[in-house]
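Please read the structure below before turning to the comments.
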Amino acid sequence: MMDPDSGEKPPEGGASAVGRGQGKASRRRKAKRHGKNRNAASTSHIAPADMAGPAERLDSSKAGGPARKRKRRRAKSRQAEGRSGMVAPSAVSVAEGGQATQPAQPAGARPADEAGRARSRRKKNRGGRGLQGRPLAQSKLAQSKPAQSKPAQGKFPAPTTAKALGAPPAAANRPLRSRSGEDAAAIFDAGSDRHAQHRDDLYAALDLGTNNCRLLIAQPARPGQFRVVDAFSRIVRLGEGLGASGRLSPDAMDRAVEALRVCASKLANRPVRRMRLIATEACRAAENGEEFLARVTAETGLQLEIIDRETEARLAVSGCSSLVGREARSVVLFDIGGGSSEIAVIRIGENRSSRLANHITHWTSLPVGVVTLSERHGGRDVTPDVFAAMVDEVEGMLAKFHCPPIGFSDAPDGEDFHLIGTSGTVTTLAGVHLDLPRYDRRKVDGVWLSDEEVTAMQAKLLSWDFDDRAANACIGPDRADLVLAGCAILEAIRRRWPSSRMRVADRGLREGLLTDMMADDGVWRRVRPRRFGPAQLEEAGSRR
């Protein structure tokens with residue numbers, strides 16, 4: 001049916017339905033551009049349908065005309081832009097200095113219509129934010145100090161990005177925010193600390209000794225400490241038969257290579273930044289030590305270095321530095337190994353160094369360990385006479401160590417001097433003393449033993465036969481024939497330096513290697529954050 005007023009067929013819903021809807025849409029767009037209430041703009045001038053006359057219905061039906069014309073003009077404008085290679089006017093770019101601008105239009109291009117320019121202005125001024133809702137990369141530093149074309153001689157221009165500051169990759173991807181110069185200064189401080197990038201790295205230390213093969217992979221934690229990520233330890237008895245033949249036996253080398261293959265696999269599966277792999281007395285004393293290390297490199301890819309005895313003593317001290325109390329003024333630290341025993345005398349004055357190894361005044365390395373001593377005297381059936389003979393042999397070696405006597409002060413109970421033992425011998429004694437159902441490093445490391453307790457534990461172990469020692473969870477069959485030889489070395493040390501107490505350290509060369517590597521990289525170095533504005537940032541950059 002035709003409409004008698006317009007001569008056209010009315011749409012569904014009545015003659016005025018389309019007109020009212022299109023009129024509302026057009027007025028809403030106008031109101032949105034001018035910041036008015038869209039509801040008020042779309043309803044305030046429209047009469048109800050049942051109150052409108054024929055003429056009013058005709059005007060309402062034609063209200064959508066201008067809106068449709070504007071839509072057609074915008075469509076034609078977009079088509080013309082596509083043909084001429086123009087960029088859409090809504091595209092926003094950040095010019096030098098951080099100002100958002102529209103791209104230049106090529107010559108001969110048709111200018112955009114007014115509605116397109118308004119839309120571009122709205123996007124450009126949307127709270128100072130970019131197209132993806134991120135803050136524009138606009139720095140007050142760039143506004144306040146223009147870039148110099150050539151820096152002054154001997155000085156460097158102030159860096160303006162995190163990447164230029166040498167900051168970590170995460171900081172390099174973040175723009176410098178423009179609220180104040182403090183954000184840029186904070187990033188400069190992070191970049192100026194050239195050691196900060198290593199604080200999340202992994203470090204590895206491997207110690208191939210006469211009796212054990214040990215590996216630690218760790219990450220720096222609080223100052224002077226680290227968190228163990230992975231560890232490995234296996235008794236390989238590399239020095240078995242070394243005292244009699246002077247050479248590493250084929251079976252011993254096979255056991256060591258097999259353990260080192262496990263270590264190589266662990267190192268390959270971790271992004272280790274820095275590692276140090278050492279070999280000690282067995283490879284140092286054996287005639288075929290270098291030949292064995294060449295085989296290790298060929299079969300596992302690991303390159304081990306043979307360290308001297310002084311380095312071994314210093315590493316043992318570095319690994320146990322956190323166990324030396326602040327009240328201590330002198331300490332004797334000993335490491336009873338499989339083929340040698342290192343002893344360091346430490347005297348701490350008023351100015352305590354961050355590295356305890358700097359306070360070593362005297363040191364020695366005895367060419368005897370639990371493996372060599374037990375092979376000479378027998379380790380399975382140890383009688384009191386055999387034990388006394390082992391102690392006498394070690395005392396004779398210590399007699400050749402010329403060290404001034406340690407002076408004691410008037411501190412009560414000798415608190416200014418104590419012993420520190422780092423070896424399987426002292427940790428075994430502590431585990432037996434604590435009556436642990438199985439060995440637990442967390443309960444053993446750092447525990448104090450009095451002189452009477454150490455004497456009682458040695459007498460208890462000497463009263464056990466081989467089977468009793470092997471049945472103990474803290475000793476086991478692998479150490480049952482070695483533990484009394486270690487106790488003999490410990491007894492000789494206690495007679496040379498009597499002390500009312502001894503501290504047990506379940507740590508050693510690996511921990512010393514990790515501590516030294518992390519300290520060299522400065523991962524624990526404290527950096528006090530500096531807060532200053534952009535005017536002082538260039539001066540700080542020139543001093544860098």
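Each chain of the structure tokens is named A, B, ... in the order shown, its residues numbered from 1; ligands are numbered from 1 in display order.
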Any chance you could list, as JSON, numbers by chain, the residues in region 317-433 of chain A that come up helix (DSSP H, G or I) when DSSP is run on the backbone? {"A": [317, 318, 319, 321, 322, 323, 356, 357, 358, 359, 370, 371, 372, 373, 374, 375, 376, 377, 384, 385, 386, 387, 388, 389, 390, 391, 392, 393, 394, 395, 396, 397, 398, 399, 412, 413, 414, 424, 425, 426, 427, 428, 429, 430, 431, 432, 433]}
Applying 9 Å and only C-alpha atoms, which residues near region 231-240 of chain A remain after dropping the ones on its own chain fewer than 5 positions away? List them as a PyMOL selection string. chain A and resi 208-218+247-249+251-256+259+262-263+266+281-283+286+338-339+371-372+375+478
As an exercise, work out the distance from CA of Asp516 (chain A) to CA of Leu277 (chain A) in Å and give it to one decimal place. 13.2 Å
Find the residues around region 306-323 of chain A up to 6 Å (only C-alpha atoms counted), leave out those fewer than 5 positions away in its own chain, and share them as an mmCIF file with N, CA, C and O atoms, in the first residue's frame.
data_model
loop_
_atom_site.group_PDB
_atom_site.id
_atom_site.type_symbol
_atom_site.label_atom_id
_atom_site.label_comp_id
_atom_site.auth_asym_id
_atom_site.auth_seq_id
_atom_site.Cartn_x
_atom_site.Cartn_y
_atom_site.Cartn_z
ATOM 1 N N ILE A 278 87.274 -27.618 38.831
ATOM 2 C CA ILE A 278 88.614 -27.818 39.367
ATOM 3 C C ILE A 278 88.842 -29.283 39.722
ATOM 4 O O ILE A 278 87.906 -30.050 39.960
ATOM 5 N N ALA A 279 90.105 -29.651 39.756
ATOM 6 C CA ALA A 279 90.554 -30.957 40.244
ATOM 7 C C ALA A 279 91.626 -30.711 41.298
ATOM 8 O O ALA A 279 92.406 -29.752 41.189
ATOM 9 N N THR A 280 91.673 -31.577 42.316
ATOM 10 C CA THR A 280 92.549 -31.317 43.453
ATOM 11 C C THR A 280 93.643 -32.380 43.568
ATOM 12 O O THR A 280 94.245 -32.762 42.580
ATOM 13 N N GLU A 342 93.872 -29.333 54.111
ATOM 14 C CA GLU A 342 94.272 -27.922 54.093
ATOM 15 C C GLU A 342 93.903 -27.277 55.429
ATOM 16 O O GLU A 342 92.792 -27.481 55.942
ATOM 17 N N LEU A 356 86.888 -13.170 53.667
ATOM 18 C CA LEU A 356 87.612 -13.692 54.818
ATOM 19 C C LEU A 356 88.984 -14.223 54.427
ATOM 20 O O LEU A 356 89.908 -14.232 55.247
ATOM 21 N N ALA A 357 89.147 -14.652 53.192
ATOM 22 C CA ALA A 357 90.438 -15.184 52.757
ATOM 23 C C ALA A 357 91.536 -14.132 52.825
ATOM 24 O O ALA A 357 92.728 -14.481 52.885
ATOM 25 N N GLY A 508 82.316 -26.282 51.213
ATOM 26 C CA GLY A 508 83.741 -26.381 50.956
ATOM 27 C C GLY A 508 84.156 -25.675 49.697
ATOM 28 O O GLY A 508 83.796 -24.508 49.475
ATOM 29 N N LEU A 509 84.876 -26.388 48.825
ATOM 30 C CA LEU A 509 85.466 -25.754 47.653
ATOM 31 C C LEU A 509 84.412 -25.256 46.682
ATOM 32 O O LEU A 509 84.576 -24.192 46.069
ATOM 33 N N GLU A 511 81.395 -24.139 47.257
ATOM 34 C CA GLU A 511 80.844 -22.890 47.767
ATOM 35 C C GLU A 511 81.847 -21.745 47.664
ATOM 36 O O GLU A 511 81.472 -20.595 47.404
ATOM 37 N N GLY A 512 83.121 -22.059 47.885
ATOM 38 C CA GLY A 512 84.135 -21.029 47.717
ATOM 39 C C GLY A 512 84.254 -20.559 46.280
ATOM 40 O O GLY A 512 84.415 -19.360 46.013
#
Pick from A:Gly424, A:Pro498, A:Gly289, A:Gly241, whichever lies nearest to Glu452 (chain A) using only C-alpha atoms: A:Pro498
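For the pair CA of Ser354 (chain A) and CA of Leu449 (chain A), the interatomic distance is 26.1 Å.
Taking CA of Ala488 (chain A) and CA of Gly243 (chain A) as the two end points, the separation is 18.2 Å.
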I'd like the neighbourhood of Met397 (chain A) as an MDAnalysis selection string, where a residue qualifies if any of its atoms comes within 10 Å (using only C-alpha atoms), though same-chain residues fewer than 2 positions away should be ignored. chainID A and resid 365:368 392:395 399:401 492
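Of the listed residues (A:Ser353, A:Gln458, A:Thr428, A:Thr515), A:Thr428 comes nearest to Ala473 (chain A); the distances count only C-alpha atoms.
Using only C-alpha atoms, the protein and nucleic acid residues lying no more than 9 Å from region 328-332 of chain A, apart from those fewer than 3 places from it along its own chain, are Val324, Gly325, Ile343, Ala344, Val345, Ile346, Arg347, Ile348, Gly349, Glu350, Ile406, Gly407, Phe408, Glu415, Asp416, Phe417, His418, Leu419, Ile420, Gly421 and Trp497 of chain A.
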Selection above as a file: N, CA, C and O atoms, as a short mmCIF file (atom, residue, chain, number, x, y, z; two decimals), in the first residue's frame:
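The resulting file, selection-v9.cif, is shown below:
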data_model
loop_
_atom_site.label_atom_id
_atom_site.label_comp_id
_atom_site.auth_asym_id
_atom_site.auth_seq_id
_atom_site.Cartn_x
_atom_site.Cartn_y
_atom_site.Cartn_z
N VAL A 324 81.86 -17.72 60.26
CA VAL A 324 82.76 -17.10 61.24
C VAL A 324 81.99 -16.00 61.96
O VAL A 324 81.53 -15.04 61.33
N GLY A 325 81.84 -16.14 63.26
CA GLY A 325 81.07 -15.17 64.02
C GLY A 325 81.71 -13.80 64.05
O GLY A 325 82.93 -13.66 63.89
N ILE A 343 94.82 -26.48 55.95
CA ILE A 343 94.62 -25.79 57.21
C ILE A 343 94.99 -24.33 57.01
O ILE A 343 96.05 -24.02 56.46
N ALA A 344 94.11 -23.44 57.44
CA ALA A 344 94.33 -22.00 57.32
C ALA A 344 94.15 -21.34 58.67
O ALA A 344 93.14 -21.59 59.37
N VAL A 345 95.11 -20.51 59.04
CA VAL A 345 95.04 -19.73 60.27
C VAL A 345 94.59 -18.32 59.91
O VAL A 345 95.21 -17.65 59.08
N ILE A 346 93.50 -17.89 60.52
CA ILE A 346 92.85 -16.61 60.18
C ILE A 346 92.88 -15.72 61.40
O ILE A 346 92.47 -16.12 62.49
N ARG A 347 93.37 -14.52 61.21
CA ARG A 347 93.39 -13.51 62.27
C ARG A 347 92.62 -12.29 61.77
O ARG A 347 92.96 -11.72 60.75
N ILE A 348 91.61 -11.90 62.54
CA ILE A 348 90.72 -10.81 62.14
C ILE A 348 90.97 -9.63 63.07
O ILE A 348 90.84 -9.75 64.30
N GLY A 349 91.34 -8.51 62.48
CA GLY A 349 91.55 -7.31 63.27
C GLY A 349 90.29 -6.47 63.38
O GLY A 349 89.16 -6.96 63.25
N GLU A 350 90.50 -5.20 63.62
CA GLU A 350 89.36 -4.30 63.75
C GLU A 350 88.65 -4.09 62.42
O GLU A 350 87.43 -3.97 62.37
N ILE A 406 98.52 -18.73 68.61
CA ILE A 406 97.40 -17.79 68.52
C ILE A 406 97.19 -17.17 69.89
O ILE A 406 97.02 -17.88 70.89
N GLY A 407 97.22 -15.86 69.95
CA GLY A 407 97.04 -15.16 71.21
C GLY A 407 95.57 -15.10 71.60
O GLY A 407 94.69 -14.84 70.77
N PHE A 408 95.28 -15.39 72.84
CA PHE A 408 93.92 -15.37 73.34
C PHE A 408 93.71 -14.14 74.22
O PHE A 408 94.60 -13.73 74.96
N GLU A 415 85.54 -17.15 73.44
CA GLU A 415 84.63 -16.84 72.34
C GLU A 415 85.32 -16.16 71.17
O GLU A 415 84.76 -16.09 70.08
N ASP A 416 86.54 -15.67 71.39
CA ASP A 416 87.21 -14.97 70.31
C ASP A 416 88.01 -15.93 69.42
O ASP A 416 88.62 -15.50 68.44
N PHE A 417 88.03 -17.22 69.75
CA PHE A 417 88.74 -18.21 68.93
C PHE A 417 87.92 -19.50 68.87
O PHE A 417 87.36 -19.94 69.88
N HIS A 418 87.87 -20.09 67.70
CA HIS A 418 87.22 -21.40 67.56
C HIS A 418 87.72 -22.08 66.30
O HIS A 418 88.40 -21.46 65.46
N LEU A 419 87.40 -23.34 66.16
CA LEU A 419 87.74 -24.15 64.99
C LEU A 419 86.55 -24.22 64.05
O LEU A 419 85.39 -24.16 64.49
N ILE A 420 86.83 -24.34 62.76
CA ILE A 420 85.80 -24.61 61.76
C ILE A 420 86.27 -25.81 60.93
O ILE A 420 87.37 -25.78 60.37
N GLY A 421 85.46 -26.83 60.89
CA GLY A 421 85.80 -28.02 60.12
C GLY A 421 84.86 -28.20 58.95
O GLY A 421 83.63 -28.16 59.11
N TRP A 497 95.78 -27.06 68.15
CA TRP A 497 95.06 -25.82 68.44
C TRP A 497 93.85 -26.14 69.33
O TRP A 497 92.72 -26.29 68.85
#
Which neighbours of Asp451 (chain A) fall inside 10 Å, counting only C-alpha atoms, when residues of the same chain fewer than 2 positions from it are skipped, and could you give them as a PDB file with N, CA, C and O atoms, in the first residue's frame?
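Once everything was written out, this is selection13.pdb:
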ATOM      1  N   TRP A 448      77.171 -26.149  66.296  1.00  0.00           N
ATOM      2  CA  TRP A 448      78.330 -26.040  67.182  1.00  0.00           C
ATOM      3  C   TRP A 448      78.486 -27.332  67.977  1.00  0.00           C
ATOM      4  O   TRP A 448      77.507 -27.895  68.472  1.00  0.00           O
ATOM      5  N   LEU A 449      79.727 -27.796  68.103  1.00  0.00           N
ATOM      6  CA  LEU A 449      80.057 -28.943  68.942  1.00  0.00           C
ATOM      7  C   LEU A 449      81.099 -28.521  69.958  1.00  0.00           C
ATOM      8  O   LEU A 449      82.108 -27.884  69.603  1.00  0.00           O
ATOM      9  N   GLU A 453      81.944 -32.937  73.441  1.00  0.00           N
ATOM     10  CA  GLU A 453      81.075 -33.669  72.514  1.00  0.00           C
ATOM     11  C   GLU A 453      81.876 -34.304  71.383  1.00  0.00           C
ATOM     12  O   GLU A 453      81.592 -35.439  70.968  1.00  0.00           O
ATOM     13  N   VAL A 454      82.879 -33.606  70.881  1.00  0.00           N
ATOM     14  CA  VAL A 454      83.708 -34.177  69.815  1.00  0.00           C
ATOM     15  C   VAL A 454      84.477 -35.394  70.339  1.00  0.00           C
ATOM     16  O   VAL A 454      84.562 -36.446  69.675  1.00  0.00           O
ATOM     17  N   THR A 455      85.014 -35.278  71.541  1.00  0.00           N
ATOM     18  CA  THR A 455      85.742 -36.406  72.133  1.00  0.00           C
ATOM     19  C   THR A 455      84.823 -37.609  72.321  1.00  0.00           C
ATOM     20  O   THR A 455      85.215 -38.760  72.049  1.00  0.00           O
ATOM     21  N   ALA A 456      83.614 -37.374  72.780  1.00  0.00           N
ATOM     22  CA  ALA A 456      82.663 -38.468  72.999  1.00  0.00           C
ATOM     23  C   ALA A 456      82.282 -39.140  71.686  1.00  0.00           C
ATOM     24  O   ALA A 456      82.158 -40.376  71.615  1.00  0.00           O
ATOM     25  N   ARG A 494      93.137 -30.846  66.751  1.00  0.00           N
ATOM     26  CA  ARG A 494      92.627 -30.369  68.037  1.00  0.00           C
ATOM     27  C   ARG A 494      93.738 -30.312  69.081  1.00  0.00           C
ATOM     28  O   ARG A 494      93.716 -29.455  69.976  1.00  0.00           O
ATOM     29  N   PRO A 498      94.063 -26.271  70.613  1.00  0.00           N
ATOM     30  CA  PRO A 498      92.941 -26.588  71.514  1.00  0.00           C
ATOM     31  C   PRO A 498      91.895 -25.476  71.493  1.00  0.00           C
ATOM     32  O   PRO A 498      92.229 -24.286  71.496  1.00  0.00           O
ATOM     33  N   SER A 499      90.644 -25.871  71.461  1.00  0.00           N
ATOM     34  CA  SER A 499      89.548 -24.904  71.449  1.00  0.00           C
ATOM     35  C   SER A 499      88.356 -25.510  72.186  1.00  0.00           C
ATOM     36  O   SER A 499      88.139 -26.729  72.150  1.00  0.00           O
ATOM     37  N   SER A 500      87.622 -24.652  72.832  1.00  0.00           N
ATOM     38  CA  SER A 500      86.468 -25.125  73.597  1.00  0.00           C
ATOM     39  C   SER A 500      85.284 -25.479  72.706  1.00  0.00           C
ATOM     40  O   SER A 500      84.353 -26.140  73.154  1.00  0.00           O
ATOM     41  N   ARG A 501      85.321 -25.082  71.435  1.00  0.00           N
ATOM     42  CA  ARG A 501      84.186 -25.360  70.563  1.00  0.00           C
ATOM     43  C   ARG A 501      84.654 -25.430  69.111  1.00  0.00           C
ATOM     44  O   ARG A 501      85.695 -24.882  68.739  1.00  0.00           O
ATOM     45  N   MET A 502      83.844 -26.105  68.322  1.00  0.00           N
ATOM     46  CA  MET A 502      84.120 -26.273  66.900  1.00  0.00           C
ATOM     47  C   MET A 502      82.808 -26.130  66.150  1.00  0.00           C
ATOM     48  O   MET A 502      81.773 -26.670  66.556  1.00  0.00           O
TER      49      MET A 502
END
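Considering the residues A:Arg72, A:Leu398, A:Asn472, A:Arg510 and counting only C-alpha atoms, Ile493 (chain A) has its shortest atom-to-atom contact with A:Leu398.
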When DSSP works through the backbone of this structure, what residues of region 194-384 of chain A end up as strand (DSSP E or B), shown as number ranges by chain? A: 202-208, 212-220, 226-235, 272-279, 305-306, 330-336, 341-347, 360-366
